[in-house]
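Shown here: model16.pdb, PDB, C-alpha atoms.
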```
ATOM      1  CA  MET A   1     -10.149 -84.251 -37.648
ATOM      2  CA  ARG A   2     -13.284 -83.501 -39.620
ATOM      3  CA  PHE A   3     -14.256 -79.828 -39.765
ATOM      4  CA  VAL A   4     -17.238 -77.814 -40.903
ATOM      5  CA  VAL A   5     -16.478 -74.172 -41.696
ATOM      6  CA  THR A   6     -19.355 -71.724 -42.085
ATOM      7  CA  GLY A   7     -18.910 -68.434 -43.904
ATOM      8  CA  ALA A   8     -16.467 -70.168 -46.239
ATOM      9  CA  GLY A   9     -16.922 -67.480 -48.879
ATOM     10  CA  GLY A  10     -15.667 -64.704 -46.626
ATOM     11  CA  GLN A  11     -12.181 -63.417 -45.891
ATOM     12  CA  VAL A  12     -11.593 -65.536 -42.798
ATOM     13  CA  GLY A  13     -13.664 -68.604 -43.612
ATOM     14  CA  ALA A  14     -11.995 -69.053 -47.002
ATOM     15  CA  GLU A  15      -8.568 -68.940 -45.349
ATOM     16  CA  VAL A  16      -9.600 -71.545 -42.765
ATOM     17  CA  VAL A  17     -10.858 -73.867 -45.494
ATOM     18  CA  GLY A  18      -7.716 -73.384 -47.581
ATOM     19  CA  LEU A  19      -5.456 -74.034 -44.606
ATOM     20  CA  LEU A  20      -7.279 -77.244 -43.668
ATOM     21  CA  GLU A  21      -7.271 -78.462 -47.282
ATOM     22  CA  ARG A  22      -3.494 -78.023 -47.391
ATOM     23  CA  GLN A  23      -3.167 -79.980 -44.146
ATOM     24  CA  THR A  24      -4.271 -83.241 -45.758
ATOM     25  CA  ARG A  25      -4.575 -85.086 -42.448
ATOM     26  CA  HIS A  26      -7.810 -83.135 -41.910
ATOM     27  CA  GLU A  27     -11.142 -83.305 -43.715
ATOM     28  CA  VAL A  28     -13.077 -80.083 -44.246
ATOM     29  CA  VAL A  29     -16.514 -79.150 -45.511
ATOM     30  CA  GLY A  30     -16.671 -75.447 -46.298
ATOM     31  CA  LEU A  31     -20.101 -73.817 -46.528
ATOM     32  CA  ASP A  32     -20.762 -70.338 -47.904
ATOM     33  CA  HIS A  33     -24.143 -68.622 -47.695
ATOM     34  CA  HIS A  34     -25.311 -70.469 -50.806
ATOM     35  CA  GLY A  35     -24.461 -73.837 -49.244
ATOM     36  CA  LEU A  36     -25.978 -73.059 -45.831
ATOM     37  CA  ASP A  37     -28.374 -70.456 -44.524
ATOM     38  CA  ILE A  38     -27.051 -70.227 -40.971
ATOM     39  CA  GLY A  39     -30.300 -68.629 -39.830
ATOM     40  CA  ASP A  40     -32.270 -71.753 -40.836
ATOM     41  CA  ARG A  41     -32.356 -74.074 -37.824
ATOM     42  CA  ASP A  42     -33.363 -77.186 -39.769
ATOM     43  CA  ALA A  43     -30.677 -76.654 -42.412
ATOM     44  CA  VAL A  44     -27.969 -76.297 -39.757
ATOM     45  CA  GLU A  45     -29.188 -79.421 -37.941
ATOM     46  CA  GLN A  46     -29.243 -81.456 -41.150
ATOM     47  CA  ILE A  47     -25.776 -80.420 -42.329
ATOM     48  CA  LEU A  48     -24.038 -81.046 -39.013
ATOM     49  CA  GLY A  49     -25.991 -84.252 -38.459
ATOM     50  CA  ARG A  50     -24.941 -85.560 -41.868
ATOM     51  CA  VAL A  51     -21.263 -84.499 -41.817
ATOM     52  CA  LEU A  52     -20.692 -85.244 -38.103
ATOM     53  CA  PRO A  53     -17.695 -82.921 -37.690
ATOM     54  CA  GLU A  54     -15.500 -82.977 -34.615
ATOM     55  CA  ALA A  55     -15.140 -79.183 -34.840
ATOM     56  CA  VAL A  56     -17.157 -76.341 -36.323
ATOM     57  CA  VAL A  57     -15.377 -73.078 -37.122
ATOM     58  CA  HIS A  58     -18.254 -70.611 -37.295
ATOM     59  CA  CYS A  59     -17.171 -67.661 -39.444
ATOM     60  CA  GLY A  60     -20.621 -67.051 -40.892
ATOM     61  CA  ALA A  61     -22.091 -63.650 -40.015
ATOM     62  CA  TRP A  62     -23.513 -60.462 -41.474
ATOM     63  CA  THR A  63     -20.612 -58.041 -41.093
ATOM     64  CA  ASP A  64     -22.026 -54.977 -42.870
ATOM     65  CA  VAL A  65     -21.951 -52.655 -39.853
ATOM     66  CA  ASP A  66     -24.096 -49.924 -41.394
ATOM     67  CA  GLY A  67     -26.358 -52.460 -43.071
ATOM     68  CA  CYS A  68     -27.100 -53.992 -39.676
ATOM     69  CA  GLU A  69     -28.141 -50.570 -38.408
ATOM     70  CA  ALA A  70     -30.717 -50.344 -41.215
ATOM     71  CA  ASP A  71     -31.996 -53.929 -40.844
ATOM     72  CA  PRO A  72     -31.784 -55.030 -37.189
ATOM     73  CA  GLU A  73     -33.911 -58.142 -37.653
ATOM     74  CA  ARG A  74     -31.542 -59.581 -40.225
ATOM     75  CA  ALA A  75     -28.610 -58.687 -37.955
ATOM     76  CA  TRP A  76     -30.106 -60.557 -34.988
ATOM     77  CA  ARG A  77     -31.032 -63.512 -37.177
ATOM     78  CA  ASP A  78     -27.619 -63.926 -38.797
ATOM     79  CA  ASN A  79     -25.379 -62.853 -35.915
ATOM     80  CA  ALA A  80     -27.199 -64.117 -32.821
ATOM     81  CA  LEU A  81     -29.930 -66.647 -33.574
ATOM     82  CA  ALA A  82     -27.677 -68.419 -36.087
ATOM     83  CA  VAL A  83     -25.094 -68.981 -33.355
ATOM     84  CA  ARG A  84     -27.804 -70.654 -31.263
ATOM     85  CA  HIS A  85     -28.558 -73.031 -34.141
ATOM     86  CA  VAL A  86     -24.868 -73.908 -34.620
ATOM     87  CA  ALA A  87     -24.242 -74.314 -30.876
ATOM     88  CA  VAL A  88     -27.258 -76.563 -30.303
ATOM     89  CA  ALA A  89     -26.573 -78.726 -33.356
ATOM     90  CA  ALA A  90     -22.883 -79.064 -32.454
ATOM     91  CA  SER A  91     -23.733 -80.033 -28.879
ATOM     92  CA  ARG A  92     -25.946 -82.876 -30.081
ATOM     93  CA  ILE A  93     -23.057 -84.486 -31.976
ATOM     94  CA  GLY A  94     -20.292 -83.621 -29.497
ATOM     95  CA  ALA A  95     -18.528 -81.130 -31.784
ATOM     96  CA  HIS A  96     -16.376 -78.277 -30.505
ATOM     97  CA  VAL A  97     -17.402 -74.827 -31.772
ATOM     98  CA  VAL A  98     -14.955 -72.021 -32.523
ATOM     99  CA  HIS A  99     -17.002 -68.872 -33.003
ATOM    100  CA  VAL A 100     -15.620 -65.622 -34.454
ATOM    101  CA  SER A 101     -16.808 -62.396 -32.821
ATOM    102  CA  THR A 102     -15.711 -58.766 -32.965
ATOM    103  CA  ASP A 103     -14.098 -55.848 -31.189
ATOM    104  CA  TYR A 104     -17.336 -53.928 -31.783
ATOM    105  CA  VAL A 105     -18.908 -55.618 -28.744
ATOM    106  CA  PHE A 106     -16.977 -53.032 -26.690
ATOM    107  CA  GLY A 107     -18.016 -49.435 -26.121
ATOM    108  CA  GLY A 108     -14.664 -47.802 -26.809
ATOM    109  CA  ALA A 109     -14.455 -45.618 -23.686
ATOM    110  CA  LYS A 110     -11.606 -47.533 -22.058
ATOM    111  CA  ALA A 111      -8.186 -45.870 -22.388
ATOM    112  CA  GLU A 112      -6.263 -49.169 -22.363
ATOM    113  CA  PRO A 113      -6.670 -52.179 -24.662
ATOM    114  CA  TYR A 114      -9.635 -54.438 -23.914
ATOM    115  CA  HIS A 115      -8.892 -57.844 -22.386
ATOM    116  CA  GLU A 116     -11.035 -60.960 -22.392
ATOM    117  CA  TRP A 117     -12.655 -60.227 -19.022
ATOM    118  CA  ASP A 118     -13.814 -56.686 -19.791
ATOM    119  CA  ALA A 119     -17.581 -56.156 -19.883
ATOM    120  CA  VAL A 120     -19.124 -55.714 -23.299
ATOM    121  CA  ALA A 121     -21.006 -52.490 -24.080
ATOM    122  CA  PRO A 122     -21.870 -52.438 -27.797
ATOM    123  CA  GLN A 123     -22.771 -49.117 -29.407
ATOM    124  CA  SER A 124     -24.350 -50.381 -32.642
ATOM    125  CA  VAL A 125     -26.835 -52.968 -33.858
ATOM    126  CA  TYR A 126     -23.961 -54.940 -35.353
ATOM    127  CA  GLY A 127     -22.060 -54.943 -32.057
ATOM    128  CA  SER A 128     -25.201 -55.783 -30.090
ATOM    129  CA  SER A 129     -26.107 -58.677 -32.382
ATOM    130  CA  LYS A 130     -22.591 -60.080 -32.164
ATOM    131  CA  ALA A 131     -22.697 -59.764 -28.359
ATOM    132  CA  GLY A 132     -25.970 -61.689 -28.546
ATOM    133  CA  GLY A 133     -24.210 -64.389 -30.524
ATOM    134  CA  GLU A 134     -21.567 -64.642 -27.800
ATOM    135  CA  LEU A 135     -24.305 -65.282 -25.236
ATOM    136  CA  GLU A 136     -25.921 -67.927 -27.432
ATOM    137  CA  LEU A 137     -22.607 -69.741 -27.791
ATOM    138  CA  GLN A 138     -21.959 -69.794 -24.059
ATOM    139  CA  ARG A 139     -25.520 -70.866 -23.229
ATOM    140  CA  HIS A 140     -25.966 -73.642 -25.771
ATOM    141  CA  ALA A 141     -22.571 -75.077 -26.818
ATOM    142  CA  THR A 142     -21.103 -77.748 -24.548
ATOM    143  CA  SER A 143     -17.561 -77.263 -25.885
ATOM    144  CA  TRP A 144     -16.682 -73.836 -27.245
ATOM    145  CA  THR A 145     -14.041 -71.236 -28.036
ATOM    146  CA  LEU A 146     -15.038 -67.598 -28.508
ATOM    147  CA  VAL A 147     -12.538 -65.581 -30.567
ATOM    148  CA  ARG A 148     -12.855 -61.809 -30.779
ATOM    149  CA  THR A 149     -10.875 -60.224 -33.565
ATOM    150  CA  ALA A 150     -10.706 -56.815 -35.249
ATOM    151  CA  TRP A 151     -10.045 -54.823 -38.411
ATOM    152  CA  VAL A 152      -9.599 -57.886 -40.618
ATOM    153  CA  PHE A 153      -7.843 -57.587 -43.967
ATOM    154  CA  GLY A 154      -7.066 -60.467 -46.274
ATOM    155  CA  ARG A 155      -6.456 -61.638 -49.800
ATOM    156  CA  ARG A 156     -10.071 -61.685 -50.979
ATOM    157  CA  GLY A 157     -13.321 -59.856 -50.424
ATOM    158  CA  ARG A 158     -13.858 -56.229 -49.433
ATOM    159  CA  ASN A 159     -11.349 -54.842 -46.976
ATOM    160  CA  PHE A 160      -9.725 -51.567 -45.984
ATOM    161  CA  VAL A 161      -6.293 -52.375 -47.432
ATOM    162  CA  ASP A 162      -7.554 -53.072 -50.943
ATOM    163  CA  SER A 163      -9.834 -50.040 -50.839
ATOM    164  CA  ILE A 164      -6.999 -47.667 -49.886
ATOM    165  CA  VAL A 165      -4.632 -49.161 -52.469
ATOM    166  CA  ALA A 166      -7.221 -48.858 -55.248
ATOM    167  CA  ARG A 167      -8.079 -45.260 -54.424
ATOM    168  CA  ALA A 168      -4.428 -44.240 -54.052
ATOM    169  CA  ARG A 169      -3.500 -45.807 -57.403
ATOM    170  CA  ALA A 170      -6.421 -43.983 -59.011
ATOM    171  CA  ALA A 171      -5.085 -40.726 -57.535
ATOM    172  CA  GLU A 172      -8.351 -40.179 -55.690
ATOM    173  CA  PRO A 173      -8.328 -37.920 -52.619
ATOM    174  CA  LEU A 174      -8.124 -39.888 -49.380
ATOM    175  CA  ARG A 175     -10.027 -38.787 -46.253
ATOM    176  CA  VAL A 176      -9.699 -41.222 -43.347
ATOM    177  CA  VAL A 177     -10.899 -41.078 -39.746
ATOM    178  CA  ASP A 178      -8.245 -40.498 -37.115
ATOM    179  CA  ASP A 179     -10.316 -40.892 -33.936
ATOM    180  CA  GLN A 180     -10.779 -44.680 -33.982
ATOM    181  CA  ARG A 181      -7.961 -46.942 -32.800
ATOM    182  CA  GLY A 182      -7.824 -50.692 -33.264
ATOM    183  CA  SER A 183      -5.789 -53.802 -34.049
ATOM    184  CA  PRO A 184      -5.388 -54.711 -37.752
ATOM    185  CA  THR A 185      -5.597 -58.473 -38.281
ATOM    186  CA  TYR A 186      -4.455 -60.473 -41.312
ATOM    187  CA  ALA A 187      -6.968 -63.169 -42.258
ATOM    188  CA  PRO A 188      -4.410 -65.961 -42.986
ATOM    189  CA  ASP A 189      -2.773 -65.403 -39.580
ATOM    190  CA  LEU A 190      -6.159 -65.441 -37.858
ATOM    191  CA  ALA A 191      -7.109 -68.644 -39.687
ATOM    192  CA  GLU A 192      -4.062 -70.430 -38.296
ATOM    193  CA  ALA A 193      -5.014 -69.412 -34.771
ATOM    194  CA  LEU A 194      -8.624 -70.554 -35.245
ATOM    195  CA  VAL A 195      -7.512 -73.991 -36.433
ATOM    196  CA  ARG A 196      -5.020 -74.278 -33.566
ATOM    197  CA  LEU A 197      -7.691 -73.420 -31.008
ATOM    198  CA  ALA A 198     -10.127 -75.874 -32.601
ATOM    199  CA  ILE A 199      -7.691 -78.779 -32.651
ATOM    200  CA  GLY A 200      -6.669 -78.105 -29.054
ATOM    201  CA  ARG A 201     -10.298 -77.620 -27.956
ATOM    202  CA  HIS A 202      -9.188 -74.596 -25.970
ATOM    203  CA  GLN A 203     -12.238 -73.532 -24.005
ATOM    204  CA  GLY A 204     -13.163 -69.943 -23.259
ATOM    205  CA  VAL A 205     -12.782 -66.418 -24.612
ATOM    206  CA  PHE A 206      -9.710 -65.347 -26.590
ATOM    207  CA  HIS A 207      -8.727 -62.086 -28.232
ATOM    208  CA  VAL A 208      -6.793 -62.841 -31.409
ATOM    209  CA  THR A 209      -5.305 -60.008 -33.441
ATOM    210  CA  ASN A 210      -1.988 -59.198 -35.003
ATOM    211  CA  GLN A 211       0.223 -57.345 -32.569
ATOM    212  CA  GLY A 212       0.276 -53.546 -32.556
ATOM    213  CA  SER A 213      -2.404 -50.898 -32.927
ATOM    214  CA  CYS A 214      -3.077 -47.730 -34.904
ATOM    215  CA  THR A 215      -5.803 -45.388 -36.084
ATOM    216  CA  TRP A 216      -7.464 -45.893 -39.436
ATOM    217  CA  HIS A 217      -5.627 -42.807 -40.710
ATOM    218  CA  ARG A 218      -2.241 -44.134 -39.617
ATOM    219  CA  PHE A 219      -3.071 -47.521 -41.133
ATOM    220  CA  ALA A 220      -3.929 -45.838 -44.435
ATOM    221  CA  GLU A 221      -0.562 -44.049 -44.437
ATOM    222  CA  GLU A 222       1.223 -47.336 -43.743
ATOM    223  CA  ILE A 223      -0.716 -49.121 -46.503
ATOM    224  CA  VAL A 224       0.221 -46.524 -49.109
ATOM    225  CA  ALA A 225       3.874 -46.632 -48.046
ATOM    226  CA  ALA A 226       4.007 -50.436 -48.011
ATOM    227  CA  ALA A 227       2.432 -50.572 -51.479
ATOM    228  CA  GLY A 228       5.014 -48.100 -52.809
ATOM    229  CA  ILE A 229       2.363 -45.679 -54.038
ATOM    230  CA  ASP A 230       2.902 -41.928 -54.289
ATOM    231  CA  PRO A 231      -0.592 -40.588 -53.511
ATOM    232  CA  ALA A 232      -1.995 -37.504 -55.174
ATOM    233  CA  GLY A 233      -1.718 -35.608 -51.896
ATOM    234  CA  PRO A 234      -1.543 -36.102 -48.147
ATOM    235  CA  ILE A 235      -4.174 -38.315 -46.587
ATOM    236  CA  GLU A 236      -6.639 -36.012 -44.869
ATOM    237  CA  ARG A 237      -7.511 -36.606 -41.228
ATOM    238  CA  ILE A 238     -11.230 -36.462 -40.466
ATOM    239  CA  SER A 239     -13.412 -37.293 -37.464
ATOM    240  CA  SER A 240     -16.009 -40.021 -37.246
ATOM    241  CA  SER A 241     -18.727 -37.382 -37.083
ATOM    242  CA  GLU A 242     -17.447 -35.858 -40.332
ATOM    243  CA  LEU A 243     -17.620 -39.261 -42.013
ATOM    244  CA  GLY A 244     -21.244 -39.519 -40.955
ATOM    245  CA  ARG A 245     -21.754 -43.279 -40.958
ATOM    246  CA  PRO A 246     -25.133 -44.576 -39.681
ATOM    247  CA  ALA A 247     -23.616 -46.925 -37.085
ATOM    248  CA  SER A 248     -21.433 -45.805 -34.199
ATOM    249  CA  ARG A 249     -17.913 -47.256 -34.011
ATOM    250  CA  PRO A 250     -15.883 -47.558 -30.781
ATOM    251  CA  ALA A 251     -13.168 -44.906 -30.396
ATOM    252  CA  ASN A 252     -10.854 -47.511 -28.882
ATOM    253  CA  SER A 253     -11.253 -51.185 -29.733
ATOM    254  CA  VAL A 254      -7.654 -52.375 -29.365
ATOM    255  CA  LEU A 255      -7.735 -55.985 -28.165
ATOM    256  CA  ASP A 256      -5.132 -57.272 -25.726
ATOM    257  CA  ASN A 257      -4.422 -60.967 -26.336
ATOM    258  CA  VAL A 258      -4.066 -61.771 -22.631
ATOM    259  CA  ALA A 259      -5.526 -65.298 -22.661
ATOM    260  CA  LEU A 260      -3.165 -66.458 -25.423
ATOM    261  CA  ARG A 261      -0.167 -65.096 -23.514
ATOM    262  CA  LEU A 262      -1.159 -66.587 -20.161
ATOM    263  CA  LEU A 263      -1.689 -70.018 -21.721
ATOM    264  CA  GLY A 264       1.603 -69.870 -23.626
ATOM    265  CA  LEU A 265      -0.155 -70.082 -26.990
ATOM    266  CA  PRO A 266       1.441 -68.415 -30.040
ATOM    267  CA  LEU A 267       0.671 -64.759 -30.658
ATOM    268  CA  LEU A 268       0.152 -63.464 -34.174
ATOM    269  CA  ARG A 269       3.031 -61.472 -35.682
ATOM    270  CA  ASP A 270       3.120 -57.676 -35.764
ATOM    271  CA  TYR A 271       0.549 -56.265 -38.156
ATOM    272  CA  HIS A 272       3.264 -54.349 -40.076
ATOM    273  CA  ASP A 273       4.882 -57.674 -41.024
ATOM    274  CA  ALA A 274       1.499 -59.068 -42.054
ATOM    275  CA  LEU A 275       0.773 -55.971 -44.140
ATOM    276  CA  ALA A 276       4.133 -56.318 -45.898
ATOM    277  CA  CYS A 277       3.300 -59.954 -46.630
ATOM    278  CA  ARG A 278      -0.108 -59.022 -48.024
ATOM    279  CA  LEU A 279       1.151 -56.239 -50.281
ATOM    280  CA  GLY A 280       4.301 -58.113 -51.233
ATOM    281  CA  GLY A 281       2.250 -61.010 -52.534
ATOM    282  CA  GLY A 282       3.177 -63.424 -49.743
ATOM    283  CA  LEU A 283       0.883 -66.380 -49.218
ATOM    284  CA  GLY A 284       1.719 -67.519 -45.742
ATOM    285  CA  GLY A 285       0.331 -66.899 -42.334
ATOM    286  CA  THR A 286       2.443 -66.899 -39.203
ATOM    287  CA  GLY A 287       3.632 -70.433 -39.855
TER     288      GLY A 287
END
```
Could you take the file, read its structure, and then write that structure out as structure tokens?
Amino acid sequence: MRFVVTGAGGQVGAEVVGLLERQTRHEVVGLDHHGLDIGDRDAVEQILGRVLPEAVVHCGAWTDVDGCEADPERAWRDNALAVRHVAVAASRIGAHVVHVSTDYVFGGAKAEPYHEWDAVAPQSVYGSSKAGGELELQRHATSWTLVRTAWVFGRRGRNFVDSIVARARAAEPLRVVDDQRGSPTYAPDLAEALVRLAIGRHQGVFHVTNQGSCTWHRFAEEIVAAAGIDPAGPIERISSSELGRPASRPANSVLDNVALRLLGLPLLRDYHDALACRLGGGLGGTG
């Protein structure tokens, strides 16, 4: 198959490109924000019309949650309108679109994990713009897969794991929120699932995360332990209000991977195993 991958400079997009390049039976064109402005309709049309991919894995987005709160127009352009451009252009050439969305489309009030049929209720500009992108995909793509994921950490780019490790090794005090619960997801594992869903042209909404859930505080403790670091002191528990971020985050955004289970598709491994792989220098995904 021939693929186009947007957001190829990010944590997830880079892993998708690398995976497809290693699977030499596939051809892949990876586009970072320098190679394609996803908010430019004409540019998207020209690229897809020239490459003629059979599948587009759309990882491109503006994922700065607090930045989106400060600049809503850019958020809607890059996270919603851009999906319209990709969906329309892909439909014209008969390409399947796999679009990556987020747990932040949910409000966080539910006590149980969110499944694929729960109603969205975003609490931030970022979440709202990503929910808008979901609507654009469903309205304009003729063949599509919507993948919601959460709390992504990988081998490149900014992520929570690297931040905690760096601060712990520098003996800096660690204060981490303990009133947000979610599903950590390892980018190489997610990339494998995205490629699998693209090749199979599995239609519909899927939640794809590593198995298990935790709070950010618990995750920080597990990161420090897995990295073998003796921090300067205990990791302090704080509330979201104490952290004082501009954008609201859902208190509970654990994603239940119901659709994968019901269809008999592989689930990602437990996030503890993925974390051990990441901090142990492992290269692989779930296999």
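Of the residues listed (A:Val208, A:Val195, A:Pro231, A:Thr215), A:Pro231 shows the shortest atom-to-atom separation from Ala166 of chain A; distances use all atoms listed in the file.
Take the candidates A:Cys68, A:Val29, A:Val165, A:Ala121 and check each one against Val224 of chain A using all atoms listed in the file; the shortest distance goes to A:Val165.
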Please expand the PyMOL selection byres ((chain A and resi 117) around 10) into the concrete residues it hits in this file, giving the result as a PyMOL selection string.
chain A and resi 114-116+118-120+205-206+258-259
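Distance-wise, atom CA of Arg158 of chain A and atom CA of Glu112 of chain A end up 29.0 Å apart.
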Using all atoms listed in the file, find the one residue out of A:Gly233, A:Pro72, A:Gly228, A:Gly280 that sits nearest to Ser124 of chain A.
A:Pro72
Please, which residues are within 12 Å of (-10.1, -79.8, -44.9) by the file's coordinates, counting all atoms listed in the file, and could they come as number ranges by chain?
A: 1-5, 8, 13-31, 53, 55-57, 195
For the selection you just gave me, I'd like the residues written to a file as a CSV table (one decimal), keeping the file's coordinate frame, keeping C-alpha atoms.
```
chain,number,residue,atom,x,y,z
A,1,MET,CA,-10.1,-84.3,-37.6
A,2,ARG,CA,-13.3,-83.5,-39.6
A,3,PHE,CA,-14.3,-79.8,-39.8
A,4,VAL,CA,-17.2,-77.8,-40.9
A,5,VAL,CA,-16.5,-74.2,-41.7
A,8,ALA,CA,-16.5,-70.2,-46.2
A,13,GLY,CA,-13.7,-68.6,-43.6
A,14,ALA,CA,-12.0,-69.1,-47.0
A,15,GLU,CA,-8.6,-68.9,-45.3
A,16,VAL,CA,-9.6,-71.5,-42.8
A,17,VAL,CA,-10.9,-73.9,-45.5
A,18,GLY,CA,-7.7,-73.4,-47.6
A,19,LEU,CA,-5.5,-74.0,-44.6
A,20,LEU,CA,-7.3,-77.2,-43.7
A,21,GLU,CA,-7.3,-78.5,-47.3
A,22,ARG,CA,-3.5,-78.0,-47.4
A,23,GLN,CA,-3.2,-80.0,-44.1
A,24,THR,CA,-4.3,-83.2,-45.8
A,25,ARG,CA,-4.6,-85.1,-42.4
A,26,HIS,CA,-7.8,-83.1,-41.9
A,27,GLU,CA,-11.1,-83.3,-43.7
A,28,VAL,CA,-13.1,-80.1,-44.2
A,29,VAL,CA,-16.5,-79.2,-45.5
A,30,GLY,CA,-16.7,-75.4,-46.3
A,31,LEU,CA,-20.1,-73.8,-46.5
A,53,PRO,CA,-17.7,-82.9,-37.7
A,55,ALA,CA,-15.1,-79.2,-34.8
A,56,VAL,CA,-17.2,-76.3,-36.3
A,57,VAL,CA,-15.4,-73.1,-37.1
A,195,VAL,CA,-7.5,-74.0,-36.4
```
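For the residues A:Thr102, A:Ser128, A:Gln138, A:Gln123, ranking by smallest atom-to-atom distance to Val86 of chain A using only C-alpha atoms places A:Gln138 first.
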Pick out the residues sitting within 9 Å of Ile164 of chain A, and hand them over as a VMD selection string; count all atoms listed in the file, and ignore anything fewer than 2 positions along from it in its own chain.
chain A and resid 159 to 162 166 to 169 174 220 223 to 224
Restrict the selected residues to C-alpha atoms and save them as a PDB file, in the frame of the given file.
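again-v7.pdb was written with the following content:
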```pdb
ATOM      1  CA  ASN A 159     -11.349 -54.842 -46.976  1.00  0.00           C
ATOM      2  CA  PHE A 160      -9.725 -51.567 -45.984  1.00  0.00           C
ATOM      3  CA  VAL A 161      -6.293 -52.375 -47.432  1.00  0.00           C
ATOM      4  CA  ASP A 162      -7.554 -53.072 -50.943  1.00  0.00           C
ATOM      5  CA  ALA A 166      -7.221 -48.858 -55.248  1.00  0.00           C
ATOM      6  CA  ARG A 167      -8.079 -45.260 -54.424  1.00  0.00           C
ATOM      7  CA  ALA A 168      -4.428 -44.240 -54.052  1.00  0.00           C
ATOM      8  CA  ARG A 169      -3.500 -45.807 -57.403  1.00  0.00           C
ATOM      9  CA  LEU A 174      -8.124 -39.888 -49.380  1.00  0.00           C
ATOM     10  CA  ALA A 220      -3.929 -45.838 -44.435  1.00  0.00           C
ATOM     11  CA  ILE A 223      -0.716 -49.121 -46.503  1.00  0.00           C
ATOM     12  CA  VAL A 224       0.221 -46.524 -49.109  1.00  0.00           C
TER      13      VAL A 224
END
```
Using only C-alpha atoms, the shortest atom-to-atom distance to Gly212 of chain A among A:Gly200, A:Gly7, A:Gly108, A:Pro184 belongs to A:Pro184
Counting all atoms listed in the file, which residues come within 8 Å of (-25.0, -58.7, -32.7), with the point read in the file's coordinates, and could you list them as a compact mmCIF listing (two decimals) with C-alpha atoms, in the coordinates of the input?
```
# COMPACT_ATOMS: atom_id res chain seq x y z
CA ALA A 75 -28.61 -58.69 -37.96
CA TRP A 76 -30.11 -60.56 -34.99
CA ASN A 79 -25.38 -62.85 -35.92
CA ALA A 80 -27.20 -64.12 -32.82
CA VAL A 105 -18.91 -55.62 -28.74
CA VAL A 125 -26.84 -52.97 -33.86
CA TYR A 126 -23.96 -54.94 -35.35
CA GLY A 127 -22.06 -54.94 -32.06
CA SER A 128 -25.20 -55.78 -30.09
CA SER A 129 -26.11 -58.68 -32.38
CA LYS A 130 -22.59 -60.08 -32.16
CA ALA A 131 -22.70 -59.76 -28.36
CA GLY A 132 -25.97 -61.69 -28.55
CA GLY A 133 -24.21 -64.39 -30.52
```
Reference answer for the PyMOL selection byres ((chain A and resi 189) around 10), as a ChimeraX atom specification
/A:12,15-16,154,185-188,190-194,208-210,267-269,271,274,284-287
9 Å contact set for Gly10 of chain A, only C-alpha atoms, chain neighbours under 4 positions out, as a ChimeraX atom specification
/A:14-15,32,59-60,156-157
I'd like to see the residues matched by the PyMOL selection byres ((chain A and resi 176) around 12) on this file, and ideally I'd get them as a count of residues only.
29
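Nearest to Ala276 of chain A of all the residues A:Pro250, A:Ile38, A:Gly204, A:Ala225 is A:Ala225, based on only C-alpha atoms.
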Report, as lines of an AutoDock Vina configuration file, the centre and edge lengths in Å (one decimal) of the axis-aligned box enclosing every listed atom of segment 196-207 of chain A, padded by 5 Å on each side.
```
center_x = -9.1
center_y = -70.4
center_z = -28.4
size_x = 18.1
size_y = 26.7
size_z = 20.3
```
Please identify all polymer residues within 7 Å of Ala247 of chain A, counting all atoms listed in the file, omitting same-chain residues fewer than 5 positions from it, and present them as a count of residues only.
4
Starting from the sparse input, extend segment 217-226 of chain A to N, CA and C atoms and give the output as a PDB file, in the coordinates of the input.
```pdb
ATOM      1  N   HIS A 217      -6.433 -43.732 -39.913  1.00  0.00           N
ATOM      2  CA  HIS A 217      -5.627 -42.807 -40.710  1.00  0.00           C
ATOM      3  C   HIS A 217      -4.177 -43.280 -40.779  1.00  0.00           C
ATOM      4  N   ARG A 218      -3.628 -43.646 -39.635  1.00  0.00           N
ATOM      5  CA  ARG A 218      -2.241 -44.134 -39.617  1.00  0.00           C
ATOM      6  C   ARG A 218      -2.110 -45.411 -40.452  1.00  0.00           C
ATOM      7  N   PHE A 219      -3.100 -46.288 -40.351  1.00  0.00           N
ATOM      8  CA  PHE A 219      -3.071 -47.521 -41.133  1.00  0.00           C
ATOM      9  C   PHE A 219      -3.087 -47.203 -42.624  1.00  0.00           C
ATOM     10  N   ALA A 220      -3.883 -46.236 -43.023  1.00  0.00           N
ATOM     11  CA  ALA A 220      -3.929 -45.838 -44.435  1.00  0.00           C
ATOM     12  C   ALA A 220      -2.564 -45.340 -44.906  1.00  0.00           C
ATOM     13  N   GLU A 221      -1.903 -44.527 -44.085  1.00  0.00           N
ATOM     14  CA  GLU A 221      -0.562 -44.049 -44.437  1.00  0.00           C
ATOM     15  C   GLU A 221       0.405 -45.213 -44.592  1.00  0.00           C
ATOM     16  N   GLU A 222       0.321 -46.181 -43.695  1.00  0.00           N
ATOM     17  CA  GLU A 222       1.223 -47.336 -43.743  1.00  0.00           C
ATOM     18  C   GLU A 222       0.920 -48.213 -44.959  1.00  0.00           C
ATOM     19  N   ILE A 223      -0.340 -48.330 -45.324  1.00  0.00           N
ATOM     20  CA  ILE A 223      -0.716 -49.121 -46.503  1.00  0.00           C
ATOM     21  C   ILE A 223      -0.129 -48.507 -47.770  1.00  0.00           C
ATOM     22  N   VAL A 224      -0.290 -47.207 -47.925  1.00  0.00           N
ATOM     23  CA  VAL A 224       0.221 -46.524 -49.109  1.00  0.00           C
ATOM     24  C   VAL A 224       1.748 -46.659 -49.193  1.00  0.00           C
ATOM     25  N   ALA A 225       2.413 -46.506 -48.056  1.00  0.00           N
ATOM     26  CA  ALA A 225       3.874 -46.632 -48.046  1.00  0.00           C
ATOM     27  C   ALA A 225       4.308 -48.057 -48.373  1.00  0.00           C
ATOM     28  N   ALA A 226       3.633 -49.045 -47.778  1.00  0.00           N
ATOM     29  CA  ALA A 226       4.007 -50.436 -48.011  1.00  0.00           C
ATOM     30  C   ALA A 226       3.752 -50.854 -49.455  1.00  0.00           C
TER      31      ALA A 226
END
```
